[in-house]
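Reading through the structure tokens given below for one structure.
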Amino acid sequence: MPGGAEIAGNWPPSWVPYVGGALKQAGFTDLQFLDAMTNYVDDAALAQRIADYQPDVVMATAITPMIYQSQETLRIAKHVCPQATTIMGGVHPTYMYQEVLSEAPWVDYIIRGEGEEISVNLLRAIANGTDECDHKDILGIAFLEAGEVVATPAHPPIHDLNTLTPDWSLLEWDKYIYTPLNVRVAVPNYARGCPFRCRFCSQWKFWRTYRSRSPQNFADEIERLVKDHNVGFFILADEEPTINKAKFVALCHQLIDRNLGVHWGINTRVTDILRDEHELALYRQAGLVHVSLGTEAAAQLKLNLFRKETTIEDNKRAVQLLRQNGIVAEVQFIMGLPNETLETIEETYRMAIDWQADMTNWNMYTPWPFAELFEELGDKVEVRDYSHYNFVTPIMKPDAITREELLKGVLRNYARFYFRKAWEYWFIKDAFKRNYLLGCLKAFVQTTLNQRFYNLKRIKRKGLGAEIDFGFDPKRILTPEQITQQKQSHPERAADVNFTGNMPTWSPINDPNSNCEITACGAPNDLPDYTEAATKEEIPIIKI
């Protein structure tokens, strides 16, 4: 998935240690993880790896730009191992399970939402051979039955995140290097969810409620990452880690007391930085060196549209506070809404310079098919090729300019901004911050030269100009009429953003078609008696 974040190195997939750790804790110890993206494993090699391993279960995850490759991965798995059960999880299939199962009927199950507990419940049923008769009783999954999509009621969110049992040993640690510091990088989970309701985002819907771990519990995990796996930098996977100020301050004290020598970065809101003005020095002492701010837009009109609840002056002040405390201040702009013009693109550059941001990212507005703004934009979202929903491709065409003009304007901003910073970084007095930002600049230059940054390979020089091939699948570009027709003919394929499912709570007792015999407690009669050995039954699993 080509994108801006790749300039800093390869991120480890955080779902693997958390879901894998839950499965191991439940007794499924024969697990193997293959990071096909990081290792550039092509389809032929992938098929061979799966055929050699002969798994009973193959699991794949999918955010929106990965959905087609995830579907293909499970198709390959089913082809080379017909007996294997194929399972998909992640944000996109959680909401779009109707569409996924219609396009990829070889996917046996979709896990909807937070995956740890659902995965364990599903794998236990598969291991016991009862999944086909009791799958309607497993909360939080979707599947095909007699050609119809069935989605069970939602599984409740994990109440206590301190019960998570991540197993970070599942990762190939030498593959995950944070380029600016040349150290191993982890993406652990401190909190899940977000109480804010930004209309372009869907993460707050995915996690459903905001929860966080205790500072001591999370600091224990960081200590294990540092001591057991030699991690030198971590990035919190959280949408909003600083909401609970008291707990975040306590976490910083935990890290200071342990003196682990690890540095870290977060994404957070401008308002939290303003609130924590007098704690920022403490945050820096705890190793927090990089904060990415969701400043989002150049015009207050857009901030209101996004429901960001911040102002332009707030953004500038937050950047200044971070810089004053030795923390790298990175700002994020969302580009490419319908009212984008050449002037608004230029305005974002002027703001980044005026705010004196250390780093800036210009992200293309990506209308997730399950976010609130997607429905409002309606037939303006003509590109339905999800493989390009990657933050660096103009999915939306602005009213006044072309996609090509939008992309060229953004790339011009990047070139001017970082050419300027190439000189400024050398004169930063703080030695750590200076070397850190020069490392970021080096990564930026490297990925620009190899054309990985912003998917530069799609831009071809032609004389003094340049041509851009966005590479959209023409079959997935729809006219307004086709969009309307699709909504009318397949209303069931709309995103299920409220976890409603499409069936009432079910029990084999009241299903006349059930082949399962039921005990008095409601469990199938053919379950093995509980023994210590029974809880340790191994099932070969490979997760791609």
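Residue numbering restarts at 1 for every chain of the structure tokens, chains are lettered A, B, ... in their displayed order, and ligands are numbered from 1 as they appear.
Near Ala329 (chain A), within a cut-off of 10 Å and counting only C-alpha atoms, sit the residues Val289, His290, Val291, Ser292, Leu293, Ala318, Val319, Gln320, Leu321, Leu322, Arg323, Gln324, Trp355, Gln356, Ala357, Asp358, Met359 and Thr360 of chain A, with same-chain residues fewer than 4 positions away left out.
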Taking only region 228-412 of chain A into account, list the residues labelled strand (DSSP E or B) by DSSP (computed from the backbone), as a VMD selection string. chain A and resid 231 to 235 263 to 268 288 to 296 328 to 335 359 to 364 383
Please write the residues from the selection above to a file, keeping N, CA, C and O atoms, as a compact mmCIF listing (two decimals), in the first residue's frame.
# COMPACT_ATOMS: atom_id res chain seq x y z
N VAL A 231 13.30 -3.16 21.32
CA VAL A 231 12.56 -2.07 20.68
C VAL A 231 13.10 -0.73 21.18
O VAL A 231 13.28 -0.52 22.38
N GLY A 232 13.39 0.19 20.24
CA GLY A 232 13.92 1.49 20.60
C GLY A 232 12.95 2.64 20.38
O GLY A 232 13.21 3.77 20.80
N PHE A 233 11.83 2.35 19.67
CA PHE A 233 10.83 3.39 19.40
C PHE A 233 9.47 2.72 19.31
O PHE A 233 9.35 1.62 18.76
N PHE A 234 8.47 3.36 19.89
CA PHE A 234 7.12 2.84 19.71
C PHE A 234 6.17 3.97 19.38
O PHE A 234 6.39 5.14 19.74
N ILE A 235 5.14 3.61 18.65
CA ILE A 235 4.09 4.54 18.24
C ILE A 235 2.78 4.01 18.79
O ILE A 235 2.41 2.85 18.53
N HIS A 263 12.15 5.83 23.05
CA HIS A 263 11.46 7.03 22.60
C HIS A 263 10.15 6.63 21.92
O HIS A 263 9.99 5.49 21.47
N TRP A 264 9.22 7.59 21.83
CA TRP A 264 7.91 7.24 21.29
C TRP A 264 7.21 8.43 20.69
O TRP A 264 7.63 9.58 20.86
N GLY A 265 6.15 8.11 19.95
CA GLY A 265 5.35 9.13 19.29
C GLY A 265 3.87 8.82 19.40
O GLY A 265 3.48 7.66 19.61
N ILE A 266 3.05 9.85 19.23
CA ILE A 266 1.59 9.67 19.32
C ILE A 266 0.90 10.56 18.29
O ILE A 266 1.48 11.52 17.78
N ASN A 267 -0.34 10.22 18.01
CA ASN A 267 -1.28 11.13 17.36
C ASN A 267 -2.21 11.65 18.44
O ASN A 267 -2.65 10.87 19.31
N THR A 268 -2.53 12.92 18.41
CA THR A 268 -3.50 13.42 19.38
C THR A 268 -4.15 14.69 18.88
O THR A 268 -3.83 15.19 17.79
N LEU A 288 8.55 10.95 25.07
CA LEU A 288 7.69 11.35 23.96
C LEU A 288 8.41 12.42 23.14
O LEU A 288 8.66 13.52 23.63
N VAL A 289 8.74 12.09 21.91
CA VAL A 289 9.54 13.00 21.08
C VAL A 289 8.83 13.45 19.82
O VAL A 289 9.32 14.35 19.12
N HIS A 290 7.68 12.85 19.50
CA HIS A 290 7.03 13.16 18.21
C HIS A 290 5.52 13.14 18.40
O HIS A 290 4.94 12.14 18.82
N VAL A 291 4.88 14.25 18.11
CA VAL A 291 3.43 14.35 18.20
C VAL A 291 2.87 14.77 16.85
O VAL A 291 3.28 15.78 16.28
N SER A 292 1.96 13.96 16.33
CA SER A 292 1.28 14.28 15.08
C SER A 292 -0.09 14.84 15.42
O SER A 292 -0.88 14.19 16.11
N LEU A 293 -0.34 16.06 14.96
CA LEU A 293 -1.57 16.77 15.31
C LEU A 293 -2.59 16.68 14.18
O LEU A 293 -2.25 16.93 13.02
N GLY A 294 -3.82 16.39 14.53
CA GLY A 294 -4.88 16.36 13.53
C GLY A 294 -5.41 17.76 13.27
O GLY A 294 -6.56 18.07 13.60
N THR A 295 -4.56 18.59 12.67
CA THR A 295 -5.00 19.96 12.36
C THR A 295 -5.98 19.97 11.21
O THR A 295 -6.85 20.83 11.11
N GLU A 296 -5.82 19.07 10.28
CA GLU A 296 -6.78 18.67 9.25
C GLU A 296 -7.02 19.63 8.08
O GLU A 296 -7.05 19.19 6.96
N VAL A 328 8.92 17.10 18.58
CA VAL A 328 8.67 17.30 17.15
C VAL A 328 7.18 17.50 16.93
O VAL A 328 6.35 16.69 17.36
N ALA A 329 6.84 18.60 16.27
CA ALA A 329 5.44 18.92 15.98
C ALA A 329 5.16 18.66 14.51
O ALA A 329 5.69 19.35 13.64
N GLU A 330 4.35 17.66 14.24
CA GLU A 330 3.95 17.31 12.88
C GLU A 330 2.49 17.67 12.69
O GLU A 330 1.65 17.36 13.54
N VAL A 331 2.17 18.35 11.60
CA VAL A 331 0.78 18.72 11.34
C VAL A 331 0.27 17.94 10.13
O VAL A 331 1.03 17.59 9.23
N GLN A 332 -1.03 17.67 10.16
CA GLN A 332 -1.67 16.89 9.11
C GLN A 332 -2.73 17.74 8.43
O GLN A 332 -3.58 18.33 9.11
N PHE A 333 -2.68 17.80 7.11
CA PHE A 333 -3.72 18.49 6.35
C PHE A 333 -4.49 17.47 5.51
O PHE A 333 -3.89 16.56 4.92
N ILE A 334 -5.79 17.61 5.47
CA ILE A 334 -6.63 16.78 4.60
C ILE A 334 -6.94 17.57 3.35
O ILE A 334 -7.49 18.67 3.41
N MET A 335 -6.58 17.01 2.22
CA MET A 335 -6.72 17.69 0.95
C MET A 335 -7.72 16.97 0.04
O MET A 335 -7.91 15.76 0.15
N MET A 359 7.35 19.14 10.87
CA MET A 359 7.02 18.25 9.76
C MET A 359 5.58 18.50 9.35
O MET A 359 4.75 18.92 10.16
N THR A 360 5.29 18.20 8.08
CA THR A 360 3.93 18.37 7.57
C THR A 360 3.58 17.22 6.65
O THR A 360 4.42 16.78 5.85
N ASN A 361 2.36 16.73 6.78
CA ASN A 361 1.82 15.74 5.86
C ASN A 361 0.58 16.29 5.19
O ASN A 361 -0.29 16.87 5.86
N TRP A 362 0.50 16.11 3.89
CA TRP A 362 -0.70 16.46 3.13
C TRP A 362 -1.36 15.16 2.71
O TRP A 362 -0.85 14.45 1.82
N ASN A 363 -2.46 14.81 3.35
CA ASN A 363 -3.14 13.54 3.09
C ASN A 363 -4.38 13.78 2.23
O ASN A 363 -5.18 14.67 2.52
N MET A 364 -4.53 12.96 1.20
CA MET A 364 -5.72 13.07 0.36
C MET A 364 -6.95 12.58 1.13
O MET A 364 -6.92 11.54 1.79
N VAL A 383 -15.17 7.01 -7.74
CA VAL A 383 -14.13 5.97 -7.72
C VAL A 383 -14.42 5.02 -6.56
O VAL A 383 -14.34 5.39 -5.39
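When the distance limit is 8 Å and only C-alpha atoms are what count, the residues near Val249 (chain A), minus those fewer than 6 positions from it on the same chain, are Glu279, Leu282 and Tyr283 of chain A.
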According to DSSP computed on the backbone, where in region 225-384 of chain A is there alpha helix (DSSP H)? Give the residues as a PyMOL selection string. chain A and resi 225-229+245-258+270-275+280-285+300-306+312-324+342-355+372-377
Keeping C-alpha atoms, export the residues of the selection given above as a compact mmCIF listing (two decimals), in the first residue's frame.
# COMPACT_ATOMS: atom_id res chain seq x y z
CA LEU A 225 9.27 -4.87 24.28
CA VAL A 226 12.48 -3.07 25.17
CA LYS A 227 14.15 -5.87 27.12
CA ASP A 228 12.91 -8.92 25.20
CA HIS A 229 12.81 -7.55 21.65
CA LYS A 245 -4.93 13.36 31.41
CA ALA A 246 -4.40 11.84 34.86
CA LYS A 247 -3.77 8.36 33.45
CA PHE A 248 -1.51 9.66 30.69
CA VAL A 249 0.56 11.61 33.24
CA ALA A 250 0.75 8.46 35.39
CA LEU A 251 1.96 6.50 32.35
CA CYS A 252 4.70 9.05 31.77
CA HIS A 253 5.80 8.74 35.42
CA GLN A 254 5.91 4.95 35.02
CA LEU A 255 8.20 5.26 31.99
CA ILE A 256 10.42 7.83 33.71
CA ASP A 257 10.81 5.64 36.80
CA ARG A 258 11.76 2.61 34.68
CA VAL A 270 -4.77 20.03 19.35
CA THR A 271 -7.09 20.69 22.30
CA ASP A 272 -5.26 18.14 24.46
CA ILE A 273 -1.90 19.80 23.79
CA LEU A 274 -3.36 23.18 24.78
CA ARG A 275 -4.84 21.64 27.93
CA LEU A 280 4.61 18.84 28.06
CA ALA A 281 8.05 18.96 29.67
CA LEU A 282 7.10 15.84 31.65
CA TYR A 283 5.94 14.12 28.46
CA ARG A 284 9.29 14.85 26.83
CA GLN A 285 11.15 13.54 29.89
CA GLN A 300 -12.13 27.05 9.19
CA LEU A 301 -15.00 26.03 6.91
CA LYS A 302 -13.41 22.60 6.53
CA LEU A 303 -12.79 22.24 10.25
CA ASN A 304 -16.49 22.79 10.82
CA LEU A 305 -17.33 20.29 8.10
CA PHE A 306 -15.14 17.67 9.75
CA ILE A 312 -6.77 27.79 13.14
CA GLU A 313 -5.23 29.76 16.02
CA ASP A 314 -5.49 26.72 18.29
CA ASN A 315 -3.47 24.73 15.75
CA LYS A 316 -0.70 27.33 15.61
CA ARG A 317 -0.48 27.58 19.40
CA ALA A 318 -0.26 23.79 19.83
CA VAL A 319 2.66 23.60 17.39
CA GLN A 320 4.48 26.36 19.27
CA LEU A 321 4.00 24.65 22.63
CA LEU A 322 5.37 21.35 21.38
CA ARG A 323 8.42 22.99 19.83
CA GLN A 324 9.11 24.95 23.01
CA LEU A 342 -5.29 25.86 -6.12
CA GLU A 343 -5.50 28.71 -3.62
CA THR A 344 -6.52 26.47 -0.69
CA ILE A 345 -3.64 24.12 -1.52
CA GLU A 346 -1.29 27.10 -1.40
CA GLU A 347 -2.87 28.23 1.86
CA THR A 348 -1.93 24.98 3.59
CA TYR A 349 1.71 25.58 2.65
CA ARG A 350 1.60 29.12 4.02
CA MET A 351 0.07 27.84 7.26
CA ALA A 352 2.70 25.12 7.71
CA ILE A 353 5.41 27.78 7.34
CA ASP A 354 3.64 30.33 9.54
CA TRP A 355 3.09 27.77 12.31
CA GLU A 372 -20.60 9.62 7.78
CA LEU A 373 -19.27 11.95 5.09
CA PHE A 374 -19.36 9.17 2.48
CA GLU A 375 -23.14 9.08 2.46
CA GLU A 376 -23.39 12.86 2.27
CA LEU A 377 -21.01 12.99 -0.67
Could you check which of A:Phe143, A:Trp106, A:Tyr389, A:Tyr95 is closest to Lys205 (chain A), using only C-alpha atoms? A:Tyr95
At a cut-off of 8 Å, using only C-alpha atoms, what residues contact Tyr178 (chain A)? Leave out same-chain residues fewer than 2 positions from it and give the result as a ChimeraX atom specification. /A:8-11,176,180-185,233
I'd like the contact shell of region 13-17 of chain A - 9 Å cut-off, only C-alpha atoms, skipping same-chain residues fewer than 5 positions apart - returned as a PyMOL selection string. chain A and resi 22+33+35+61+90+115-116+165-171+186-189+237+543
Next, the residues of the selection above should be written as a PDB file, in the first residue's frame with N, CA and C atoms.
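File produced: part-v2.pdb:
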ATOM      1  N   ALA A  22      -3.974 -13.794  22.222  1.00  0.00           N
ATOM      2  CA  ALA A  22      -5.234 -14.309  22.765  1.00  0.00           C
ATOM      3  C   ALA A  22      -5.430 -15.771  22.389  1.00  0.00           C
ATOM      4  N   PHE A  33       2.999 -16.664  11.529  1.00  0.00           N
ATOM      5  CA  PHE A  33       2.612 -15.414  10.886  1.00  0.00           C
ATOM      6  C   PHE A  33       3.544 -15.114   9.723  1.00  0.00           C
ATOM      7  N   ASP A  35       4.247 -12.028   7.102  1.00  0.00           N
ATOM      8  CA  ASP A  35       3.983 -10.646   6.702  1.00  0.00           C
ATOM      9  C   ASP A  35       4.309 -10.525   5.214  1.00  0.00           C
ATOM     10  N   THR A  61      -6.144  -9.989   7.565  1.00  0.00           N
ATOM     11  CA  THR A  61      -6.781  -8.747   7.977  1.00  0.00           C
ATOM     12  C   THR A  61      -6.911  -7.825   6.775  1.00  0.00           C
ATOM     13  N   GLY A  90     -10.744  -7.121  10.490  1.00  0.00           N
ATOM     14  CA  GLY A  90     -10.287  -5.774  10.176  1.00  0.00           C
ATOM     15  C   GLY A  90     -11.422  -4.793  10.000  1.00  0.00           C
ATOM     16  N   GLY A 115     -11.025  -8.122  17.746  1.00  0.00           N
ATOM     17  CA  GLY A 115     -10.876  -9.499  17.312  1.00  0.00           C
ATOM     18  C   GLY A 115     -10.478 -10.534  18.335  1.00  0.00           C
ATOM     19  N   GLU A 116      -9.936 -10.139  19.488  1.00  0.00           N
ATOM     20  CA  GLU A 116      -9.340 -11.134  20.372  1.00  0.00           C
ATOM     21  C   GLU A 116     -10.337 -12.175  20.857  1.00  0.00           C
ATOM     22  N   THR A 165      -3.376 -10.158  26.217  1.00  0.00           N
ATOM     23  CA  THR A 165      -2.164 -10.969  26.404  1.00  0.00           C
ATOM     24  C   THR A 165      -1.346 -10.993  25.115  1.00  0.00           C
ATOM     25  N   PRO A 166      -0.821  -9.852  24.686  1.00  0.00           N
ATOM     26  CA  PRO A 166      -0.104  -9.810  23.402  1.00  0.00           C
ATOM     27  C   PRO A 166       1.152 -10.684  23.416  1.00  0.00           C
ATOM     28  N   ASP A 167       1.402 -11.340  22.296  1.00  0.00           N
ATOM     29  CA  ASP A 167       2.609 -12.157  22.125  1.00  0.00           C
ATOM     30  C   ASP A 167       3.433 -11.540  20.995  1.00  0.00           C
ATOM     31  N   TRP A 168       4.383 -10.708  21.365  1.00  0.00           N
ATOM     32  CA  TRP A 168       5.190  -9.993  20.369  1.00  0.00           C
ATOM     33  C   TRP A 168       6.257 -10.877  19.735  1.00  0.00           C
ATOM     34  N   SER A 169       6.432 -12.090  20.258  1.00  0.00           N
ATOM     35  CA  SER A 169       7.430 -12.987  19.669  1.00  0.00           C
ATOM     36  C   SER A 169       6.986 -13.527  18.316  1.00  0.00           C
ATOM     37  N   LEU A 170       5.720 -13.312  17.932  1.00  0.00           N
ATOM     38  CA  LEU A 170       5.231 -13.783  16.636  1.00  0.00           C
ATOM     39  C   LEU A 170       5.828 -13.001  15.468  1.00  0.00           C
ATOM     40  N   LEU A 171       6.420 -11.843  15.738  1.00  0.00           N
ATOM     41  CA  LEU A 171       6.930 -10.976  14.674  1.00  0.00           C
ATOM     42  C   LEU A 171       8.400 -11.239  14.367  1.00  0.00           C
ATOM     43  N   ALA A 186       7.735  -0.656  17.471  1.00  0.00           N
ATOM     44  CA  ALA A 186       6.527  -1.403  17.809  1.00  0.00           C
ATOM     45  C   ALA A 186       5.336  -0.446  17.774  1.00  0.00           C
ATOM     46  N   VAL A 187       4.141  -1.022  17.618  1.00  0.00           N
ATOM     47  CA  VAL A 187       2.911  -0.219  17.605  1.00  0.00           C
ATOM     48  C   VAL A 187       1.941  -0.835  18.623  1.00  0.00           C
ATOM     49  N   PRO A 188       2.188  -0.602  19.906  1.00  0.00           N
ATOM     50  CA  PRO A 188       1.323  -1.185  20.938  1.00  0.00           C
ATOM     51  C   PRO A 188       0.046  -0.394  21.132  1.00  0.00           C
ATOM     52  N   ASN A 189      -0.893  -1.016  21.847  1.00  0.00           N
ATOM     53  CA  ASN A 189      -2.231  -0.478  22.047  1.00  0.00           C
ATOM     54  C   ASN A 189      -2.425  -0.097  23.518  1.00  0.00           C
ATOM     55  N   ALA A 237      -0.831   3.034  18.916  1.00  0.00           N
ATOM     56  CA  ALA A 237      -1.818   2.762  17.871  1.00  0.00           C
ATOM     57  C   ALA A 237      -3.123   3.495  18.125  1.00  0.00           C
ATOM     58  N   LYS A 543      -1.376 -16.925   9.625  1.00  0.00           N
ATOM     59  CA  LYS A 543      -2.054 -15.639   9.472  1.00  0.00           C
ATOM     60  C   LYS A 543      -1.238 -14.780   8.526  1.00  0.00           C
TER      61      LYS A 543
END
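The closest residue to Asp399 (chain A), picked from A:His79, A:Arg416, A:His135, A:Lys380 and counting only C-alpha atoms, is A:Lys380.
Going from CA of Pro65 (chain A) to CA of Tyr365 (chain A) covers 13.6 Å.
Interatomic distance, CA of Trp207 (chain A) to CA of Gly193 (chain A): 4.8 Å.
Close contacts of Ala494 (chain A), defined as residues with an atom at most 12 Å away when counting only C-alpha atoms, with chain neighbours fewer than 2 positions off set aside, comprise Pro93, Thr94, Tyr95, Met96, Tyr97, Gln98, Glu99, Val100, Pro369, Phe370, Ala371, Phe374, Glu375, Ile483, Gln486, Lys487, Gln488, Ser489, His490, Pro491, Glu492, Asp496, Val497, Asn498 and Gly501 of chain A.
Using only C-alpha atoms, the residues found no farther than 10 Å from region 457-473 of chain A, other than those of its own chain fewer than 2 positions away, are Pro2, Val383, Arg384, Asp385, Tyr386, Ser387, His388, Thr393, Pro394, Ile395, Arg403, Glu404, Leu407, Lys408, Thr448, Asn450, Gln451, Arg452, Phe453, Tyr454, Asn455, Lys475, Arg476 and Ile477 of chain A.
Here CA of Ala45 (chain A) stands at a distance of 16.5 Å from CA of Gln71 (chain A).
Minimum atom-to-atom distance to Glu223 (chain A), evaluated using only C-alpha atoms, belongs to A:Asn259 out of A:Thr242, A:Thr130, A:Asn259, A:Gln482.
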